[in-house]
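Colleague: upload_28.txt is the file, holding compact mmCIF, C-alpha atoms:
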```txt
# COMPACT_ATOMS: atom_id res chain seq x y z
CA MET B 1 111.41 123.33 94.23
CA TYR B 2 109.61 126.27 95.82
CA LEU B 3 109.17 126.54 99.57
CA ILE B 4 106.86 128.46 101.84
CA ILE B 5 107.81 128.26 105.47
CA ALA B 6 105.56 129.51 108.25
CA TYR B 7 106.60 129.27 111.85
CA ASP B 8 105.12 129.82 115.25
CA VAL B 9 107.84 129.75 117.85
CA ASN B 10 108.40 131.15 121.30
CA VAL B 11 109.37 134.85 121.43
CA GLU B 12 112.82 133.93 122.74
CA ARG B 13 113.63 132.07 119.56
CA VAL B 14 111.61 133.88 116.95
CA ASN B 15 114.42 136.22 115.98
CA ARG B 16 116.92 133.41 115.64
CA VAL B 17 114.61 131.57 113.28
CA LYS B 18 114.13 134.72 111.25
CA LYS B 19 117.84 135.41 110.99
CA PHE B 20 118.54 131.84 110.05
CA LEU B 21 115.92 131.72 107.30
CA ARG B 22 117.05 135.06 105.88
CA LYS B 23 120.14 133.29 104.60
CA TYR B 24 118.13 131.03 102.33
CA LEU B 25 114.72 132.49 101.57
CA HIS B 26 112.87 135.75 101.07
CA TRP B 27 111.02 137.26 103.98
CA VAL B 28 107.36 137.76 103.10
CA GLN B 29 105.78 138.85 106.36
CA ASN B 30 106.17 138.16 110.06
CA SER B 31 106.91 134.46 110.46
CA VAL B 32 106.61 133.63 106.77
CA PHE B 33 109.40 133.01 104.29
CA GLU B 34 109.35 131.76 100.74
CA GLY B 35 111.74 131.07 97.92
CA GLU B 36 113.40 128.72 95.49
CA ALA B 37 115.42 125.87 97.00
CA THR B 38 117.08 122.62 96.06
CA GLN B 39 116.68 119.35 97.91
CA ALA B 40 120.04 119.93 99.58
CA THR B 41 119.08 123.42 100.71
CA LEU B 42 115.84 122.09 102.14
CA GLU B 43 117.74 119.53 104.19
CA GLU B 44 120.11 122.26 105.38
CA ILE B 45 117.18 124.43 106.37
CA LYS B 46 115.46 121.58 108.20
CA MET B 47 118.59 120.69 110.14
CA GLY B 48 119.25 124.31 111.06
CA LEU B 49 115.68 124.83 112.22
CA LYS B 50 115.71 121.70 114.34
CA ASP B 51 118.74 123.07 116.15
CA ILE B 52 117.03 126.34 116.94
CA ILE B 53 113.49 125.38 117.84
CA ASP B 54 112.19 123.52 120.84
CA GLU B 55 110.27 120.66 119.35
CA ASN B 56 107.98 120.41 122.34
CA GLU B 57 106.86 123.99 122.13
CA ASP B 58 107.27 125.36 118.61
CA MET B 59 105.84 124.57 115.24
CA VAL B 60 107.25 125.13 111.78
CA VAL B 61 105.30 124.32 108.64
CA ILE B 62 107.10 123.79 105.36
CA TYR B 63 104.99 123.85 102.21
CA ARG B 64 106.77 122.37 99.27
CA PHE B 65 105.84 123.01 95.62
CA ARG B 66 107.33 121.70 92.43
CA SER B 67 107.83 125.27 91.26
CA ALA B 68 106.50 128.76 91.84
CA GLU B 69 104.31 128.33 88.75
CA VAL B 70 102.04 125.70 90.26
CA PHE B 71 100.31 128.07 92.65
CA LYS B 72 98.90 131.55 92.45
CA LYS B 73 99.85 134.19 94.94
CA GLU B 74 97.59 137.05 95.81
CA VAL B 75 98.40 139.87 98.16
CA LEU B 76 95.78 142.01 99.86
CA GLY B 77 96.83 145.22 101.49
CA ILE B 78 100.43 146.31 101.51
CA GLN B 79 103.31 144.19 100.29
CA LYS B 80 105.85 144.02 103.10
CA GLY B 81 108.85 142.12 101.92
CA TYR B 82 109.80 141.12 98.43
CA CYS B 83 112.91 140.79 96.42
CA GLU B 84 113.39 140.76 92.69
CA GLU B 85 116.49 139.95 90.76
CA VAL B 86 116.58 143.38 89.20
CA ILE B 87 116.85 145.92 91.99
CA MET R 1 119.26 127.41 92.78
CA ARG R 2 121.27 130.59 93.07
CA LYS R 3 120.36 133.67 91.08
CA ASN R 4 122.02 136.61 89.45
CA TYR R 5 121.11 139.93 91.00
CA TYR R 6 121.24 143.11 88.94
CA ILE R 7 121.45 146.32 90.93
CA ILE R 8 120.45 149.27 88.79
CA SER R 9 119.39 151.72 91.48
CA ASP R 10 122.02 153.68 93.40
CA GLY R 11 122.65 152.60 96.95
CA LYS R 12 124.71 150.68 99.40
CA LEU R 13 125.33 147.00 99.85
CA MET R 14 126.02 145.95 103.41
CA ARG R 15 126.10 143.04 105.73
CA ASP R 16 124.07 142.85 108.88
CA GLU R 17 124.56 139.66 110.80
CA ASN R 18 124.38 136.98 108.17
CA THR R 19 122.34 138.74 105.56
CA ILE R 20 123.26 141.05 102.74
CA TYR R 21 121.13 144.19 102.52
CA PHE R 22 120.73 146.66 99.72
CA GLU R 23 119.92 150.06 101.15
CA ASN R 24 118.85 153.35 99.63
CA GLU R 25 116.28 156.09 100.31
CA GLU R 26 113.48 153.68 99.55
CA GLY R 27 114.53 151.39 102.36
CA LYS R 28 116.47 148.27 103.13
CA LYS R 29 116.08 145.18 100.98
CA PRO R 30 117.45 141.91 102.29
CA ILE R 31 119.04 139.57 99.77
CA PRO R 32 119.39 136.04 101.13
CA ILE R 33 123.08 135.17 100.84
CA ASN R 34 122.46 131.61 99.77
CA THR R 35 120.43 132.74 96.77
CA ILE R 36 123.18 134.93 95.30
CA TYR R 37 125.14 133.53 92.39
CA ALA R 38 126.66 136.76 91.10
CA ILE R 39 125.94 140.47 91.42
CA TYR R 40 125.90 142.90 88.52
CA ALA R 41 126.41 146.43 89.78
CA LEU R 42 124.97 148.73 87.11
CA GLY R 43 124.20 151.78 89.20
CA SER R 44 126.51 153.56 91.56
CA LEU R 45 126.97 151.10 94.35
CA SER R 46 128.86 151.41 97.60
CA ILE R 47 129.86 148.21 99.30
CA THR R 48 131.06 147.85 102.84
CA SER R 49 134.12 145.70 103.44
CA LYS R 50 132.02 143.45 105.67
CA ALA R 51 129.70 142.78 102.76
CA ILE R 52 132.68 142.16 100.46
CA SER R 53 134.23 139.64 102.81
CA TYR R 54 130.96 137.82 103.33
CA LEU R 55 130.34 137.63 99.58
CA ALA R 56 133.91 136.47 99.04
CA LYS R 57 133.40 133.71 101.58
CA GLU R 58 130.38 132.55 99.62
CA GLY R 59 132.26 132.79 96.31
CA VAL R 60 130.09 135.51 94.79
CA CYS R 61 131.58 137.60 91.98
CA ILE R 62 130.54 141.24 91.64
CA HIS R 63 130.73 142.76 88.17
CA PHE R 64 130.90 146.54 87.91
CA PHE R 65 129.65 148.63 85.02
CA ASN R 66 129.99 152.38 84.68
CA ARG R 67 126.95 154.59 84.27
CA TYR R 68 127.12 154.25 80.51
CA GLY R 69 126.75 150.50 80.89
CA PHE R 70 130.33 149.67 79.91
CA TYR R 71 132.10 146.92 81.78
CA GLU R 72 134.63 148.22 84.29
CA GLY R 73 135.86 145.25 86.23
CA SER R 74 134.98 142.47 88.58
CA PHE R 75 135.44 141.59 92.18
CA TYR R 76 136.80 138.10 91.71
CA PRO R 77 137.02 136.47 95.15
CA ARG R 78 139.86 134.26 96.24
CA GLU R 79 139.55 131.10 94.19
CA SER R 80 138.44 127.98 95.93
CA LEU R 81 138.90 125.73 92.93
CA ILE R 82 142.58 125.67 92.19
CA SER R 83 144.45 123.16 90.11
CA GLY R 84 148.03 123.77 89.08
CA GLU R 85 147.69 120.89 86.65
CA VAL R 86 144.87 122.60 84.76
CA VAL R 87 146.79 125.87 84.58
CA LEU R 88 149.87 124.09 83.24
CA ARG R 89 147.86 122.31 80.58
CA GLN R 90 146.13 125.55 79.71
CA ALA R 91 149.50 127.24 79.25
CA GLU R 92 150.80 124.33 77.22
CA HIS R 93 147.88 124.68 74.81
CA HIS R 94 148.64 128.36 74.53
CA LEU R 95 152.37 128.04 74.01
CA GLU R 96 152.35 125.32 71.39
CA LYS R 97 151.34 127.03 68.17
CA GLU R 98 149.36 124.16 66.65
CA LYS R 99 147.40 123.59 69.84
CA ARG R 100 146.60 127.27 70.21
CA LEU R 101 145.48 127.52 66.58
CA TYR R 102 143.17 124.55 67.08
CA LEU R 103 141.37 126.23 69.97
CA ALA R 104 141.28 129.68 68.36
CA LYS R 105 139.76 128.11 65.25
CA ALA R 106 137.27 126.18 67.35
CA PHE R 107 136.00 129.35 69.04
CA VAL R 108 135.62 131.14 65.72
CA GLU R 109 134.02 128.09 64.11
CA GLY R 110 131.45 127.99 66.91
CA SER R 111 130.85 131.69 66.54
CA ILE R 112 130.39 131.47 62.75
CA LEU R 113 128.08 128.46 62.91
CA ASN R 114 125.94 130.09 65.56
CA MET R 115 125.76 133.35 63.61
CA ALA R 116 124.69 131.41 60.52
CA LYS R 117 122.06 129.53 62.49
CA VAL R 118 120.65 132.69 64.04
CA ALA R 119 120.54 134.40 60.62
CA LYS R 120 118.87 131.40 59.01
CA LYS R 121 116.27 131.12 61.77
CA SER R 122 115.38 134.74 61.13
CA GLY R 123 114.74 133.91 57.49
CA GLU R 124 118.01 135.21 56.07
CA ASP R 125 120.42 133.61 53.64
CA ASP R 126 123.45 132.29 55.54
CA THR R 127 125.70 131.16 52.69
CA ASP R 128 128.04 134.17 52.87
CA ILE R 129 128.58 133.54 56.58
CA ILE R 130 129.12 129.78 56.16
CA SER R 131 131.50 130.29 53.24
CA THR R 132 134.07 131.95 55.51
CA LEU R 133 134.56 128.56 57.18
CA GLN R 134 136.79 127.26 54.39
CA SER R 135 139.37 130.00 54.85
CA LEU R 136 139.14 129.48 58.59
CA TYR R 137 140.25 125.86 58.30
CA ASP R 138 143.21 126.95 56.13
CA ALA R 139 144.26 129.83 58.40
CA LYS R 140 147.84 129.71 59.64
CA SER R 141 147.97 132.49 62.22
CA ILE R 142 145.88 134.03 64.96
CA ALA R 143 145.73 137.36 63.13
CA GLU R 144 144.33 135.58 60.08
CA ILE R 145 141.69 133.87 62.23
CA MET R 146 140.70 137.19 63.78
CA GLY R 147 140.36 138.61 60.27
CA ILE R 148 138.07 135.79 59.20
CA GLU R 149 136.00 136.27 62.32
CA ALA R 150 135.58 139.93 61.39
CA THR R 151 134.58 139.08 57.79
CA ALA R 152 131.96 136.61 59.00
CA ARG R 153 130.64 139.06 61.55
CA ASN R 154 130.33 141.80 58.93
CA ALA R 155 128.38 139.49 56.65
CA TYR R 156 126.18 138.63 59.61
CA TYR R 157 125.65 142.24 60.67
CA GLU R 158 124.57 143.12 57.14
CA LYS R 159 121.44 141.08 57.74
CA PHE R 160 120.43 142.90 60.89
CA ASP R 161 118.52 145.64 59.11
CA SER R 162 116.19 143.21 57.42
CA ILE R 163 115.69 141.16 60.61
CA LEU R 164 114.96 144.19 62.79
CA LYS R 165 111.55 145.64 62.12
CA GLU R 166 111.66 148.81 64.20
CA LEU R 167 115.08 150.24 64.96
CA LYS R 168 117.92 150.58 62.47
CA PHE R 169 121.32 148.97 62.82
CA GLU R 170 123.22 150.40 59.80
CA LYS R 171 126.74 149.46 60.88
CA ARG R 172 128.58 148.41 63.98
CA SER R 173 129.80 151.37 66.00
CA ARG R 174 131.38 151.38 69.41
CA GLN R 175 132.57 153.80 72.04
CA PRO R 176 130.14 155.42 71.82
CA PRO R 177 127.48 153.42 69.97
CA GLU R 178 125.87 155.58 67.29
CA ASN R 179 122.39 154.13 67.43
CA GLU R 180 120.01 152.12 69.59
CA VAL R 181 120.85 148.69 68.22
CA ASN R 182 124.58 149.23 68.66
CA ALA R 183 123.98 150.42 72.20
CA MET R 184 122.17 147.17 72.95
CA ILE R 185 124.88 145.04 71.33
CA SER R 186 127.59 146.73 73.41
CA PHE R 187 125.61 146.48 76.62
CA GLY R 188 124.55 142.88 75.98
CA ASN R 189 128.08 141.80 75.13
CA SER R 190 129.47 143.23 78.35
CA LEU R 191 126.76 141.48 80.37
CA LEU R 192 127.57 138.25 78.58
CA TYR R 193 131.28 138.70 79.18
CA SER R 194 130.60 138.97 82.93
CA ALA R 195 128.30 135.97 82.86
CA VAL R 196 131.05 133.89 81.25
CA LEU R 197 133.53 135.15 83.83
CA SER R 198 131.19 134.06 86.65
CA GLU R 199 131.15 130.57 85.16
CA LEU R 200 134.94 130.51 84.80
CA TYR R 201 135.20 131.38 88.47
CA HIS R 202 133.41 128.15 89.31
CA THR R 203 135.90 126.03 87.39
CA GLN R 204 139.62 125.38 87.77
CA LEU R 205 140.39 127.30 84.59
CA ASN R 206 142.55 130.38 84.75
CA PRO R 207 140.55 133.19 83.12
CA ALA R 208 143.63 135.04 81.92
CA ILE R 209 145.08 132.36 79.63
CA SER R 210 143.27 132.65 76.33
CA TYR R 211 143.67 131.43 72.77
CA LEU R 212 141.86 133.60 70.30
CA HIS R 213 142.40 136.89 72.11
CA GLU R 214 145.86 137.81 73.27
CA PRO R 215 146.24 137.13 76.98
CA SER R 216 148.45 140.16 77.43
CA GLU R 217 145.58 142.57 77.36
CA ARG R 218 145.25 142.87 81.14
CA ARG R 219 141.83 141.32 81.26
CA PHE R 220 140.19 137.98 81.71
CA SER R 221 140.54 137.19 78.05
CA LEU R 222 139.42 133.56 78.23
CA ALA R 223 135.98 134.99 78.98
CA LEU R 224 136.21 136.94 75.71
CA ASP R 225 137.10 133.75 73.82
CA LEU R 226 134.15 131.84 75.18
CA ALA R 227 131.77 134.78 74.84
CA GLU R 228 132.30 134.72 71.04
CA ILE R 229 130.38 131.46 70.80
CA PHE R 230 127.42 132.68 72.82
CA LYS R 231 126.99 136.22 71.51
CA PRO R 232 124.69 135.31 68.60
CA LEU R 233 122.38 133.03 70.50
CA ILE R 234 122.16 134.95 73.74
CA VAL R 235 122.69 138.64 72.97
CA ASP R 236 121.64 139.00 69.31
CA ARG R 237 118.53 136.88 69.60
CA LEU R 238 117.56 138.81 72.69
CA ILE R 239 117.87 142.08 70.76
CA PHE R 240 115.74 140.78 67.85
CA ASN R 241 113.14 139.77 70.38
CA LEU R 242 113.12 143.04 72.29
CA VAL R 243 112.99 145.17 69.14
CA ASN R 244 110.53 143.15 67.10
CA ASN R 245 108.11 142.72 69.97
CA ARG R 246 108.41 146.43 70.70
CA ILE R 247 109.49 145.84 74.28
CA ILE R 248 112.37 148.26 73.88
CA GLN R 249 111.59 151.44 72.01
CA LYS R 250 113.23 154.72 71.15
CA ASP R 251 112.34 156.35 74.48
CA ASP R 252 114.39 153.73 76.36
CA PHE R 253 117.55 155.45 75.15
CA ASP R 254 119.32 158.69 75.93
CA ARG R 255 121.71 160.66 73.78
CA GLU R 256 124.96 161.09 75.67
CA MET R 257 128.57 161.80 74.76
CA ASN R 258 127.65 162.06 71.03
CA GLY R 259 126.35 158.51 71.24
CA ILE R 260 123.19 156.69 72.15
CA LEU R 261 122.90 154.66 75.31
CA LEU R 262 120.20 152.78 77.19
CA ASN R 263 118.70 154.87 79.98
CA GLU R 264 117.76 153.47 83.37
CA ASN R 265 114.37 152.28 82.24
CA GLY R 266 115.85 150.70 79.14
CA LYS R 267 118.58 148.99 81.13
CA ARG R 268 115.99 147.59 83.49
CA LYS R 269 114.04 146.01 80.63
CA PHE R 270 117.14 144.76 78.91
CA VAL R 271 118.70 143.24 82.01
CA LYS R 272 115.45 141.53 82.97
CA ALA R 273 115.17 139.94 79.55
CA PHE R 274 118.85 139.03 79.59
CA ASN R 275 118.47 137.23 82.90
CA GLU R 276 115.35 135.40 81.73
CA ARG R 277 117.38 134.19 78.77
CA LEU R 278 120.22 132.92 80.96
CA GLU R 279 117.72 131.04 83.10
CA LYS R 280 115.79 129.66 80.13
CA THR R 281 116.25 125.93 79.80
CA ILE R 282 116.57 123.62 76.83
CA LYS R 283 116.72 119.87 76.64
CA HIS R 284 120.37 119.01 76.10
CA LYS R 285 120.65 116.31 73.49
CA ASP R 286 123.83 114.67 74.80
CA LEU R 287 123.10 114.95 78.50
CA ASN R 288 119.42 114.21 77.96
CA ARG R 289 118.29 116.62 80.63
CA ASN R 290 117.22 120.21 80.90
CA VAL R 291 119.98 122.77 81.16
CA SER R 292 119.84 126.55 81.27
CA TYR R 293 121.75 128.79 78.88
CA GLN R 294 123.94 129.77 81.80
CA ARG R 295 124.72 126.12 82.43
CA LEU R 296 125.65 125.72 78.76
CA ILE R 297 128.47 128.22 79.34
CA ARG R 298 129.73 126.17 82.28
CA LEU R 299 129.57 122.98 80.20
CA GLU R 300 131.75 124.73 77.63
CA CYS R 301 134.36 125.32 80.36
CA TYR R 302 134.24 121.66 81.33
CA LYS R 303 134.72 120.68 77.69
CA LEU R 304 137.86 122.84 77.60
CA ILE R 305 139.26 121.09 80.67
CA LYS R 306 138.58 117.72 79.06
CA HIS R 307 140.35 118.92 75.93
CA PHE R 308 143.43 120.02 77.91
CA PHE R 309 143.71 116.59 79.48
CA GLY R 310 143.23 114.80 76.17
CA VAL R 311 140.01 113.12 77.30
CA GLU R 312 137.89 114.52 74.50
CA LYS R 313 138.72 116.91 71.68
CA TYR R 314 137.04 120.30 72.11
CA LYS R 315 134.15 120.96 69.77
CA PRO R 316 132.43 124.33 70.14
CA PHE R 317 128.82 124.51 71.15
CA VAL R 318 126.51 124.99 68.17
CA ILE R 319 122.77 125.43 68.54
CA TRP R 320 120.83 122.56 67.11
CA TRP R 321 117.33 123.92 67.47
```
Show this structure as structure tokens.
Modeller:
Amino acid sequence: MYLIIAYDVNVERVNRVKKFLRKYLHWVQNSVFEGEATQATLEEIKMGLKDIIDENEDMVVIYRFRSAEVFKKEVLGIQKGYCEEVI
Amino acid sequence: MRKNYYIISDGKLMRDENTIYFENEEGKKPIPINTIYAIYALGSLSITSKAISYLAKEGVCIHFFNRYGFYEGSFYPRESLISGEVVLRQAEHHLEKEKRLYLAKAFVEGSILNMAKVAKKSGEDDTDIISTLQSLYDAKSIAEIMGIEATARNAYYEKFDSILKELKFEKRSRQPPENEVNAMISFGNSLLYSAVLSELYHTQLNPAISYLHEPSERRFSLALDLAEIFKPLIVDRLIFNLVNNRIIQKDDFDREMNGILLNENGKRKFVKAFNERLEKTIKHKDLNRNVSYQRLIRLECYKLIKHFFGVEKYKPFVIWW
């Protein structure tokens, strides 16, 4: 499946969330990650995030798609982060 | 779903906290560790020991190629899947002549059948390739089997010039390749060899004990054995596609060392198409689910293990579509 994760967390924790998500997904822009994942990876990500965030204060949104082909992505302005398989 | 990363640009691979970064003049590109299956280093790449140890921990192989695109070696991390039993059985099948001949013949049979299928699909007559099978079944030694493999491959290569619409193949030439098609065959085969090695890493098999190729050649020769089966359907078909659809053209090559080799732009196109092919899925008729070409290689390893333990006799993979 394909994931898009957007988060809005307190400044104290924002870097920890970023570092954690960097292990699994591609950084797209501040507070947004996306990438291919399996069900197991998703569970891992969810568990890891729950450990980091304060559920009374922060919010993380996970958009789940069957594959990257089912939606269209459009970028306006500069492309900040991206990663291809051929570098 | 982990991916293969192909690094063609020159630069440095390093670890910062728990992420792998590729860095060069253009900047720093993070590569999420959990998305890396294997790394193909095709440019000149420096790697820090921190990055190496992190990749090793995650079981990521790094395959190195020199600037001409020839395979140089692999960083094969400490194995996590170890089974003495499998290694013993593997050795047993190598040491007992009849058992070794069976496997060597199986690899060549798979190779011949796949070559015939690829030729036929491209509208060529495959009888001269298929006819080598009879002598294969009667072969009594490894050298004889190797000879038959070469005969079949020559018959198969003879058809390349009528399949390829743009570039010319003429004859197989290596080190250095004399023309564009040969350059692509050499490059594609070394990529495939590494891909097979990555799969072997994820099984209990020992990559150095082989059957068709001699294991004394100081390389992971089991990868060479298995690669024989997949060359026609992965590498050769890819080349037909790239040439006939004019994706790769004459200006994607450079003349170097009296030979012709893919230049950076050409490598980029080739590698991209190669990876797409590995990721391409087909519906597997026995498993009844979708599997990628890369997965097919792994399944072949599992079939070998089953064969060693006498669960199921090894039959090489032959394309059915």
Colleague: Within 9 Å of segment 151-164 of chain R, counting all atoms listed in the file, which residues qualify if same-chain residues fewer than 2 places away don't, as a PyMOL selection string?
Modeller: chain R and resi 111-112+115-116+119+122-126+128-133+146-149+166-172+239-241+243-244
Colleague: Need to verify the contact set: segment 17-23 of chain R, 9 Å, all atoms listed in the file, exclusion of same-chain residues closer than 2 positions in sequence. Can you return it as a list in words?
Modeller: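 Contacts, in chain order: Lys19, Phe20, Arg22, Lys23 and Ile87 of chain B; Ile7, Asp10, Gly11, Lys12, Leu13, Met14, Arg15, Glu25, Glu26, Gly27, Lys28, Lys29, Pro30, Ile31, Pro32, Ile33, Ala51, Tyr54 and Leu55 of chain R.
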Colleague: Provide the atom CA of Phe71 of chain B to atom CA of Gln29 of chain B distance in Å, to one decimal place.
Modeller: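 Result for atom CA of Phe71 of chain B versus atom CA of Gln29 of chain B: 18.3 Å, one decimal.
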Colleague: Residues near Lys80 of chain B, anyone? I mean within 10 Å using all atoms listed in the file, not counting same-chain ones fewer than 6 positions away, as a short mmCIF file (atom, residue, chain, number, x, y, z; two decimals) with C-alpha atoms, in the frame of the given file.
Modeller:
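Dumped everything to out-v2.cif:
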```cif
data_model
loop_
_atom_site.label_atom_id
_atom_site.label_comp_id
_atom_site.auth_asym_id
_atom_site.auth_seq_id
_atom_site.Cartn_x
_atom_site.Cartn_y
_atom_site.Cartn_z
CA TRP B 27 111.02 137.26 103.98
CA VAL B 28 107.36 137.76 103.10
CA GLN B 29 105.78 138.85 106.36
CA ASN B 30 106.17 138.16 110.06
#
```
Colleague: Of the candidates B:Leu25, B:Ile78, B:Ala6, B:Val17, which one gets nearest to Ala37 of chain B if we count all atoms listed in the file?
Modeller: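 Using all atoms listed in the file, the shortest distance to Ala37 of chain B belongs to B:Leu25.
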Colleague: Residues around (110.3, 125.4, 95.7), cut-off 12 Å, counting all atoms listed in the file - what are they as a ChimeraX atom specification?
Modeller: /B:1-5,24-26,33-42,62-71 /R:1
Colleague: Have a look at R:Phe309, R:Tyr201, R:Tyr137, R:Phe107 and name the one nearest to Phe230 of chain R; count all atoms listed in the file.
Modeller: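 Among R:Phe309, R:Tyr201, R:Tyr137, R:Phe107, it is R:Phe107 that comes nearest to Phe230 of chain R.
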Colleague: Write out as a PDB file with C-alpha atoms, in the frame of the given file each polymer residue whose atoms come within 8 Å of Met59 of chain B, counting all atoms listed in the file; drop sequence neighbours fewer than 4 positions from it.
Modeller:
```pdb
ATOM      1  CA  TYR B   7     106.600 129.270 111.850  1.00  0.00           C
ATOM      2  CA  ASP B   8     105.120 129.820 115.250  1.00  0.00           C
ATOM      3  CA  VAL B   9     107.840 129.750 117.850  1.00  0.00           C
ATOM      4  CA  GLU B  55     110.270 120.660 119.350  1.00  0.00           C
TER       5      GLU B  55
END
```
Colleague: Could you check how far atom CA of Arg237 of chain R sits from atom CA of Glu279 of chain R, in Å to one decimal?
Modeller: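 So the answer is 14.7 Å.
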Colleague: Go ahead and compute the interatomic distance for atom CA of Lys269 of chain R and atom CA of Arg174 of chain R, in Å to one decimal.
Modeller: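 Spanning atom CA of Lys269 of chain R to atom CA of Arg174 of chain R is a straight-line distance of 21.3 Å.
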Colleague: I'd like the contact shell of Leu49 of chain B - 10 Å cut-off, all atoms listed in the file, skipping same-chain residues fewer than 2 positions apart - returned as a ChimeraX atom specification.
Modeller: /B:16-17,20-21,43-47,51-55,60
Colleague: Between R:Leu103, R:Ser46, R:Ile52, R:Leu192, which residue has the minimum interatomic distance to Phe70 of chain R, considering all atoms listed in the file?
Modeller: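 For Phe70 of chain R, the nearest of the candidates is R:Leu192.
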Colleague: With all atoms listed in the file as the atoms that count, which of R:Tyr302, R:Tyr68, R:Tyr102, R:Phe270 lies nearest to chain B?
Modeller: R:Phe270
Colleague: Between B:Ser31, B:Glu85, B:Glu57, B:Lys73, which residue has the minimum interatomic distance to chain R, considering all atoms listed in the file?
Modeller: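 Going through B:Ser31, B:Glu85, B:Glu57, B:Lys73 one by one, the smallest distance to chain R is for B:Glu85.
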Colleague: Here is a test: counting only C-alpha atoms, which residue of B:Val61, B:Val14, B:Leu76, B:Val86 is nearest to chain R?
Modeller: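 Closest to chain R, using only C-alpha atoms: B:Val86.
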